[in-house]
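Enquirer: File model18.tsv below, TSV, C-alpha atoms:
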```tsv
chain	number	residue	atom	x	y	z
T	1056	MET	CA	0.00	0.00	0.00
T	1057	THR	CA	1.41	3.42	-0.94
T	1058	ASP	CA	1.70	6.27	1.58
T	1059	SER	CA	-1.41	8.11	0.39
T	1060	ARG	CA	-3.44	4.90	0.33
T	1061	THR	CA	-2.28	4.20	3.89
T	1062	THR	CA	-3.63	7.60	4.93
T	1063	ILE	CA	-6.98	6.96	3.22
T	1064	PHE	CA	-7.20	3.54	4.86
T	1065	SER	CA	-6.68	5.01	8.33
T	1066	ILE	CA	-9.06	7.92	7.77
T	1067	MET	CA	-11.79	5.62	6.43
T	1068	PHE	CA	-11.26	2.99	9.12
T	1069	GLY	CA	-12.70	5.18	11.86
T	1070	ILE	CA	-15.66	6.27	9.73
T	1071	VAL	CA	-16.52	2.72	8.65
T	1072	TYR	CA	-16.03	1.41	12.19
T	1073	LEU	CA	-18.46	4.01	13.50
T	1074	ALA	CA	-21.00	3.08	10.79
T	1075	ALA	CA	-20.51	-0.65	11.46
T	1076	PHE	CA	-21.08	-0.08	15.16
T	1077	TYR	CA	-24.09	2.22	14.69
T	1078	TYR	CA	-25.84	0.14	12.03
T	1079	ASP	CA	-24.85	-3.25	13.47
T	1080	LEU	CA	-22.76	-4.26	10.45
T	1081	ALA	CA	-20.43	-6.74	12.16
T	1082	LEU	CA	-18.85	-9.08	9.62
T	1083	PHE	CA	-19.24	-11.89	12.15
T	1084	ARG	CA	-20.29	-12.42	15.77
T	1085	TYR	CA	-18.54	-14.26	18.57
T	1086	TYR	CA	-20.49	-16.04	21.27
T	1087	PRO	CA	-18.04	-16.43	24.18
T	1088	GLU	CA	-20.21	-18.73	26.31
T	1089	VAL	CA	-20.07	-21.43	23.63
T	1090	GLY	CA	-16.85	-20.23	21.99
T	1091	GLN	CA	-18.36	-20.02	18.51
T	1092	PHE	CA	-18.18	-17.56	15.61
T	1093	HIS	CA	-21.31	-17.02	13.53
T	1094	PHE	CA	-22.14	-14.82	10.57
T	1095	LEU	CA	-25.77	-14.53	11.59
T	1096	ARG	CA	-27.41	-13.50	14.84
T	1097	ASN	CA	-28.20	-16.39	17.18
T	1098	ASP	CA	-29.68	-15.20	20.47
T	1099	SER	CA	-29.92	-18.70	21.94
T	1100	LEU	CA	-26.12	-18.85	22.30
T	1101	GLY	CA	-25.94	-16.24	25.09
T	1102	GLY	CA	-24.10	-12.92	25.17
T	1103	VAL	CA	-22.43	-11.81	21.97
T	1104	ILE	CA	-19.23	-9.90	21.13
T	1105	LEU	CA	-19.62	-7.73	18.03
T	1106	TRP	CA	-16.38	-5.79	18.45
T	1107	TYR	CA	-14.22	-8.26	16.47
T	1108	GLY	CA	-16.74	-8.17	13.64
T	1109	TRP	CA	-16.89	-4.37	13.59
T	1110	ILE	CA	-13.09	-4.21	13.31
T	1111	ALA	CA	-13.10	-6.78	10.50
T	1112	THR	CA	-15.81	-4.84	8.65
T	1113	ALA	CA	-13.89	-1.58	9.05
T	1114	ALA	CA	-10.57	-3.13	7.97
T	1115	LEU	CA	-11.97	-4.77	4.84
T	1116	ALA	CA	-14.15	-1.85	3.74
T	1117	SER	CA	-11.51	0.81	4.33
T	1118	ALA	CA	-8.86	-1.27	2.52
T	1119	ALA	CA	-11.23	-1.63	-0.43
T	1120	ILE	CA	-11.88	2.14	-0.47
T	1121	ALA	CA	-8.14	2.90	-0.18
T	1122	PHE	CA	-7.42	0.78	-3.25
T	1123	ALA	CA	-10.45	2.07	-5.16
T	1124	VAL	CA	-9.55	5.76	-4.83
T	1125	PRO	CA	-7.55	6.92	-7.88
T	1126	ARG	CA	-3.87	7.40	-7.14
T	1127	LYS	CA	-3.82	11.07	-8.24
T	1128	MET	CA	-6.75	11.92	-6.01
T	1129	ALA	CA	-5.15	10.09	-3.07
T	1130	ASP	CA	-1.89	11.98	-3.53
T	1131	ARG	CA	-3.69	15.35	-3.44
T	1132	LEU	CA	-5.23	14.66	-0.02
T	1133	TRP	CA	-4.49	17.45	2.47
T	1134	SER	CA	-2.56	16.07	5.46
T	1135	GLY	CA	-4.82	17.98	7.87
T	1136	TRP	CA	-7.66	15.54	7.19
T	1137	ALA	CA	-5.44	12.86	8.74
T	1138	TRP	CA	-6.17	14.16	12.22
T	1139	ILE	CA	-9.33	16.27	11.75
T	1140	ILE	CA	-11.50	13.38	10.53
T	1141	PRO	CA	-10.40	10.85	13.20
T	1142	THR	CA	-10.92	13.54	15.87
T	1143	ALA	CA	-14.42	14.17	14.53
T	1144	VAL	CA	-15.10	10.42	14.57
T	1145	VAL	CA	-14.08	10.26	18.23
T	1146	VAL	CA	-16.25	13.27	19.12
T	1147	VAL	CA	-19.30	11.75	17.38
T	1148	MET	CA	-18.68	8.44	19.15
T	1149	LEU	CA	-18.39	10.17	22.55
T	1150	ILE	CA	-21.61	12.11	21.93
T	1151	TYR	CA	-23.42	8.88	21.03
T	1152	GLU	CA	-22.04	7.03	24.06
T	1153	ARG	CA	-23.38	9.69	26.44
T	1154	ARG	CA	-26.41	7.38	26.61
T	1155	TRP	CA	-24.60	5.35	29.30
T	1156	PHE	CA	-24.26	8.31	31.62
T	1157	VAL	CA	-27.70	9.93	31.48
T	1158	SER	CA	-30.65	8.45	33.31
W	557	MET	CA	-3.92	-18.32	32.62
W	558	ILE	CA	-6.35	-15.43	32.30
W	559	VAL	CA	-4.75	-13.69	35.31
W	560	VAL	CA	-1.30	-14.01	33.72
W	561	LEU	CA	-2.66	-12.54	30.49
W	562	LEU	CA	-4.34	-9.71	32.40
W	563	ILE	CA	-1.10	-8.82	34.20
W	564	LEU	CA	0.86	-9.02	30.92
W	565	HIS	CA	-1.76	-6.79	29.27
W	566	GLY	CA	-1.33	-4.29	32.12
W	567	LEU	CA	2.47	-4.32	31.91
W	568	LEU	CA	2.41	-3.75	28.15
W	569	ALA	CA	-0.04	-0.90	28.71
W	570	VAL	CA	2.40	0.71	31.19
W	571	ALA	CA	5.18	0.57	28.59
W	572	LEU	CA	2.86	2.01	25.95
W	573	LEU	CA	1.69	4.75	28.30
W	574	GLY	CA	5.29	5.78	29.03
W	575	ALA	CA	6.30	5.79	25.36
W	576	ILE	CA	3.29	7.74	24.08
W	577	THR	CA	3.54	10.27	26.92
W	578	HIS	CA	7.22	10.89	26.16
W	579	GLN	CA	6.42	11.37	22.49
W	580	SER	CA	3.34	13.55	23.12
W	581	LEU	CA	5.28	15.98	25.30
W	582	SER	CA	8.23	16.01	22.93
W	583	VAL	CA	6.06	17.42	20.10
W	584	LEU	CA	4.80	20.33	22.21
W	585	ARG	CA	5.75	23.65	20.64
W	586	THR	CA	6.65	25.45	23.86
W	587	ALA	CA	10.14	26.89	24.04
W	588	PRO	CA	12.70	25.50	26.51
W	589	ALA	CA	13.38	27.42	29.70
W	590	ALA	CA	15.24	30.68	29.11
W	591	ASN	CA	17.94	29.85	31.62
W	592	GLY	CA	18.63	26.60	29.78
W	593	ARG	CA	18.20	24.51	32.93
W	594	TRP	CA	17.19	20.91	32.46
W	595	THR	CA	14.11	20.51	34.58
W	596	PHE	CA	12.40	17.13	34.97
W	597	ILE	CA	9.80	18.12	32.37
W	598	ALA	CA	12.50	19.29	29.96
W	599	ARG	CA	14.33	16.00	30.35
W	600	PHE	CA	11.05	14.08	29.92
W	601	ARG	CA	10.37	16.02	26.70
W	602	GLY	CA	13.91	15.96	25.43
W	603	VAL	CA	13.75	12.58	23.77
W	604	ASP	CA	14.12	11.48	20.16
W	605	ALA	CA	10.38	11.28	19.42
W	606	THR	CA	10.94	9.45	16.15
W	607	ALA	CA	12.53	6.53	17.95
W	608	TYR	CA	9.27	5.95	19.83
W	609	ALA	CA	7.03	5.59	16.75
W	610	THR	CA	7.68	1.95	15.88
W	611	PRO	CA	7.65	0.72	19.52
W	612	ILE	CA	4.35	2.58	20.03
W	613	VAL	CA	2.82	0.90	16.96
W	614	VAL	CA	3.99	-2.53	18.14
W	615	LEU	CA	2.93	-1.97	21.76
W	616	PHE	CA	-0.48	-0.59	20.77
W	617	ALA	CA	-1.13	-3.54	18.46
W	618	VAL	CA	0.10	-6.19	20.91
W	619	THR	CA	-1.73	-4.61	23.88
W	620	SER	CA	-4.93	-4.47	21.82
W	621	ILE	CA	-4.57	-8.12	20.85
W	622	GLY	CA	-4.16	-8.93	24.55
W	623	GLY	CA	-7.32	-6.95	25.27
W	624	ALA	CA	-9.14	-8.83	22.51
W	625	LEU	CA	-8.12	-12.15	24.07
W	626	LEU	CA	-9.33	-10.98	27.49
W	627	TYR	CA	-12.62	-9.66	26.13
W	628	PRO	CA	-14.61	-12.97	26.23
W	629	LYS	CA	-13.83	-13.34	29.94
W	630	TYR	CA	-15.02	-9.75	30.48
W	631	ARG	CA	-18.21	-10.41	28.50
W	632	ILE	CA	-19.04	-13.54	30.50
W	633	ASP	CA	-17.94	-12.55	34.03
W	634	VAL	CA	-17.58	-8.80	34.39
W	635	ARG	CA	-20.25	-7.20	32.23
W	636	PRO	CA	-23.17	-9.23	33.67
W	637	ALA	CA	-21.94	-8.33	37.18
W	638	LEU	CA	-21.92	-4.65	36.25
W	639	GLU	CA	-25.41	-4.98	34.77
W	640	ASP	CA	-26.68	-6.75	37.87
W	641	THR	CA	-25.48	-3.85	40.01
W	642	GLN	CA	-26.98	-1.28	37.60
W	643	ASN	CA	-23.49	0.09	37.01
W	644	THR	CA	-24.22	1.50	33.57
W	645	ALA	CA	-21.46	4.13	33.75
W	646	ALA	CA	-18.84	1.39	34.14
W	647	ASN	CA	-20.26	-0.39	31.10
W	648	GLY	CA	-20.26	2.89	29.24
W	649	VAL	CA	-16.62	3.69	29.88
W	650	PHE	CA	-15.73	0.19	28.72
W	651	GLU	CA	-17.73	0.66	25.50
W	652	ILE	CA	-15.72	3.83	24.86
W	653	LYS	CA	-12.51	1.94	25.65
W	654	GLU	CA	-13.24	-0.70	23.02
W	655	HIS	CA	-14.12	1.95	20.41
W	656	LEU	CA	-10.92	3.90	21.11
W	657	ALA	CA	-8.83	0.72	20.85
W	658	ALA	CA	-10.41	-0.09	17.47
W	659	ILE	CA	-10.12	3.43	16.07
W	660	GLY	CA	-6.53	3.56	17.36
W	661	LEU	CA	-5.67	0.31	15.57
W	662	GLY	CA	-6.97	1.84	12.36
W	663	LEU	CA	-4.88	4.97	12.88
W	664	LEU	CA	-1.59	3.10	13.38
W	665	PRO	CA	-0.63	2.75	9.68
W	666	MET	CA	-1.12	6.48	9.09
W	667	TYR	CA	0.59	7.46	12.36
W	668	TRP	CA	3.61	5.34	11.45
W	669	HIS	CA	3.63	6.73	7.92
W	670	PHE	CA	3.69	10.35	9.19
W	671	TRP	CA	6.48	9.62	11.65
W	672	ARG	CA	8.54	8.09	8.83
W	673	LYS	CA	8.19	11.43	7.01
W	674	ARG	CA	9.53	13.39	9.97
W	675	ASN	CA	11.68	15.63	7.77
W	676	GLU	CA	8.66	17.11	6.01
W	677	PRO	CA	7.58	20.23	7.96
W	678	GLU	CA	4.15	20.34	6.28
W	679	THR	CA	3.21	17.05	7.94
W	680	ALA	CA	4.32	18.16	11.42
W	681	PRO	CA	0.79	19.20	12.57
W	682	ALA	CA	-0.68	15.86	11.45
W	683	ARG	CA	2.12	14.05	13.27
W	684	ARG	CA	1.58	16.09	16.44
W	685	TYR	CA	-2.21	15.81	16.58
W	686	LEU	CA	-2.25	12.12	15.70
W	687	THR	CA	0.21	11.52	18.51
W	688	TRP	CA	-1.99	13.44	20.96
W	689	LEU	CA	-5.07	11.58	19.76
W	690	LEU	CA	-3.38	8.23	20.33
W	691	ALA	CA	-2.14	9.46	23.72
W	692	PHE	CA	-5.73	10.28	24.71
W	693	PHE	CA	-6.80	6.77	23.64
W	694	VAL	CA	-4.01	5.13	25.63
W	695	TRP	CA	-4.61	7.17	28.79
W	696	TRP	CA	-8.37	6.59	28.66
W	697	ASN	CA	-7.99	2.87	28.10
W	698	PHE	CA	-5.35	2.51	30.78
W	699	ILE	CA	-7.40	4.29	33.45
W	700	VAL	CA	-10.66	2.56	32.52
W	701	GLY	CA	-8.97	-0.84	32.49
W	702	HIS	CA	-7.64	-0.22	35.97
W	703	VAL	CA	-10.94	1.10	37.34
W	704	LEU	CA	-12.93	-1.84	35.94
W	705	ASN	CA	-10.40	-4.26	37.37
W	706	ASP	CA	-10.71	-2.53	40.72
W	707	ILE	CA	-14.51	-2.82	40.58
W	708	ARG	CA	-14.59	-6.52	39.75
W	709	GLY	CA	-11.37	-7.71	41.38
W	710	LEU	CA	-8.60	-9.90	40.01
W	711	LEU	CA	-9.79	-13.31	41.17
W	712	PRO	CA	-13.26	-14.95	41.04
```
Please rewrite the model in this file as structure tokens.
Expert:
Amino acid sequence: MTDSRTTIFSIMFGIVYLAAFYYDLALFRYYPEVGQFHFLRNDSLGGVILWYGWIATAALASAAIAFAVPRKMADRLWSGWAWIIPTAVVVVMLIYERRWFVS
Amino acid sequence: MIVVLLILHGLLAVALLGAITHQSLSVLRTAPAANGRWTFIARFRGVDATAYATPIVVLFAVTSIGGALLYPKYRIDVRPALEDTQNTAANGVFEIKEHLAAIGLGLLPMYWHFWRKRNEPETAPARRYLTWLLAFFVWWNFIVGHVLNDIRGLLP
């Protein structure tokens, strides 16, 4: 992966992760009580971990986007987006997660 | 085994916390003291920040993998206990911890890439703010990990 594609991958990772988390787009689910991975929801298997699946979704989708973006466009990307977009992703996530702290 | 992994996870987090804090302070733009004296803070900041980039990437990745291995135990033993005691804030800070770890993993390639281009002044702000962002993630996750461990205890 070239330098500019690396930057696009990292920028997109946070955005896709947030979308995967918000819209429940986990690539797979892990049920720790039975130690099984499943692609589909299976409530009879106990508590579920979606985090691994969200990361996998974000990694695959952002890698695909990084390779799909034309090289010239990727090279013109302003370096400021490298920290502004991830910071915005974190702020949005923190605003959403306020739900745990308000009664 | 899980206790050994938990302690190892904590020790790696301490190393990561030290490295990212050194690097974060070293990219501050404040001028050194006028009298040229080497205070503790000046010594803490006066490191070769570039040398920390690769160890930080490795430590962040390895510590996150350790956290991922510990997660099933948390989901089975700790989270239900927190839910039973209506401790939603503790669950909330953990949710944020897992999101920050994931977003941080995604940032590592770009962070490493910008630190490799340390001689390019136009990328200095990106380097600085990415470092501070990762430092926030590491500090949050370290403190939350400790607090949750204190709530639940080390042994069953």
Enquirer: At a cut-off of 6 Å, which residues of chain T touch chain W? Count all atoms listed in the file and give the answer as a list in words.
Expert: Thr1061, Thr1062, Ser1065, Phe1068, Gly1069, Pro1087, Gly1135, Trp1138, Trp1155 and Phe1156 of chain T
Enquirer: Of the candidates T:Arg1131, T:His1093, T:Arg1084, T:Arg1154, which one gets nearest to Trp1109 of chain T if we count only C-alpha atoms?
Expert: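 Using only C-alpha atoms, Trp1109 of chain T sits closest to T:Arg1084.
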Enquirer: When you draw a straight line from atom CA of Ser620 of chain W to atom CA of Leu1149 of chain T, how long is it in Å?
Expert: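 So the answer is 19.9 Å.
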Enquirer: Report, in Å to a single decimal, how far apart atom CA of Gly574 of chain W and atom CA of Glu676 of chain W are.
Expert: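 Atom CA of Glu676 of chain W sits 25.9 Å away from atom CA of Gly574 of chain W.
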Enquirer: Pick from T:Pro1125, T:Val1157, T:Leu1132, T:Ala1119: nearest to Phe1064 of chain T, with only C-alpha atoms counted?
Expert: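 Residue with the minimum atom-to-atom distance to Phe1064 of chain T: T:Ala1119.
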Enquirer: For a test of reading the model, state the distance in Å between atom CA of Leu581 of chain W and atom CA of Arg601 of chain W, rounded to one decimal.
Expert: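 Those two atoms sit 5.3 Å apart.
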Enquirer: For Ile1063 of chain T, which residue among T:Tyr1151, T:Phe1094, T:Tyr1077, T:Phe1122 is the nearest when counting only C-alpha atoms?
Expert: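 The shortest atom-to-atom distance to Ile1063 of chain T comes from T:Phe1122.
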Enquirer: Of the residues W:Pro677, W:Ala609, W:Ala569, W:Glu639, which is the one nearest to Ser1134 of chain T, using only C-alpha atoms?
Expert: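 Under the stated criterion, the closest residue is W:Pro677.
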Enquirer: Taking all atoms listed in the file into account, name the residue in T:Ser1117, T:Asp1130, T:Trp1136, T:Glu1088 that is nearest to Asp1058 of chain T.
Expert: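 Looking at the shortest contact to Asp1058 of chain T, the residue is T:Asp1130.
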Enquirer: Any chance you could work out the axis-aligned box around segment 1101-1109 of chain T, listed atoms only, 4 Å on each side, giving centre and edge lengths in Å to one decimal, as lines of an AutoDock Vina configuration file?
Expert:
```
center_x = -20.1
center_y = -10.3
center_z = 19.4
size_x = 19.7
size_y = 19.9
size_z = 19.6
```
Enquirer: Which residue, T:Ile1140, T:Ala1121, T:Tyr1086, T:Ile1066, has the smallest gap to Ser1099 of chain T when you use all atoms listed in the file?
Expert: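 Closest residue, counting all atoms listed in the file: T:Tyr1086.
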Enquirer: Show which residues sit within 8 Å of Val1071 of chain T, as a PyMOL selection string. Count only C-alpha atoms, and ignore same-chain residues fewer than 2 positions away.
Expert: chain T and resi 1067-1069+1073-1075+1112-1113+1116-1117
Enquirer: Restricting the output to C-alpha atoms, write the selected residues as a PDB file, in the frame of the given file.
Expert:
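The resulting selection-v7.pdb:
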```
ATOM      1  CA  MET T1067     -11.790   5.620   6.430  1.00  0.00           C
ATOM      2  CA  PHE T1068     -11.260   2.990   9.120  1.00  0.00           C
ATOM      3  CA  GLY T1069     -12.700   5.180  11.860  1.00  0.00           C
ATOM      4  CA  LEU T1073     -18.460   4.010  13.500  1.00  0.00           C
ATOM      5  CA  ALA T1074     -21.000   3.080  10.790  1.00  0.00           C
ATOM      6  CA  ALA T1075     -20.510  -0.650  11.460  1.00  0.00           C
ATOM      7  CA  THR T1112     -15.810  -4.840   8.650  1.00  0.00           C
ATOM      8  CA  ALA T1113     -13.890  -1.580   9.050  1.00  0.00           C
ATOM      9  CA  ALA T1116     -14.150  -1.850   3.740  1.00  0.00           C
ATOM     10  CA  SER T1117     -11.510   0.810   4.330  1.00  0.00           C
TER      11      SER T1117
END
```
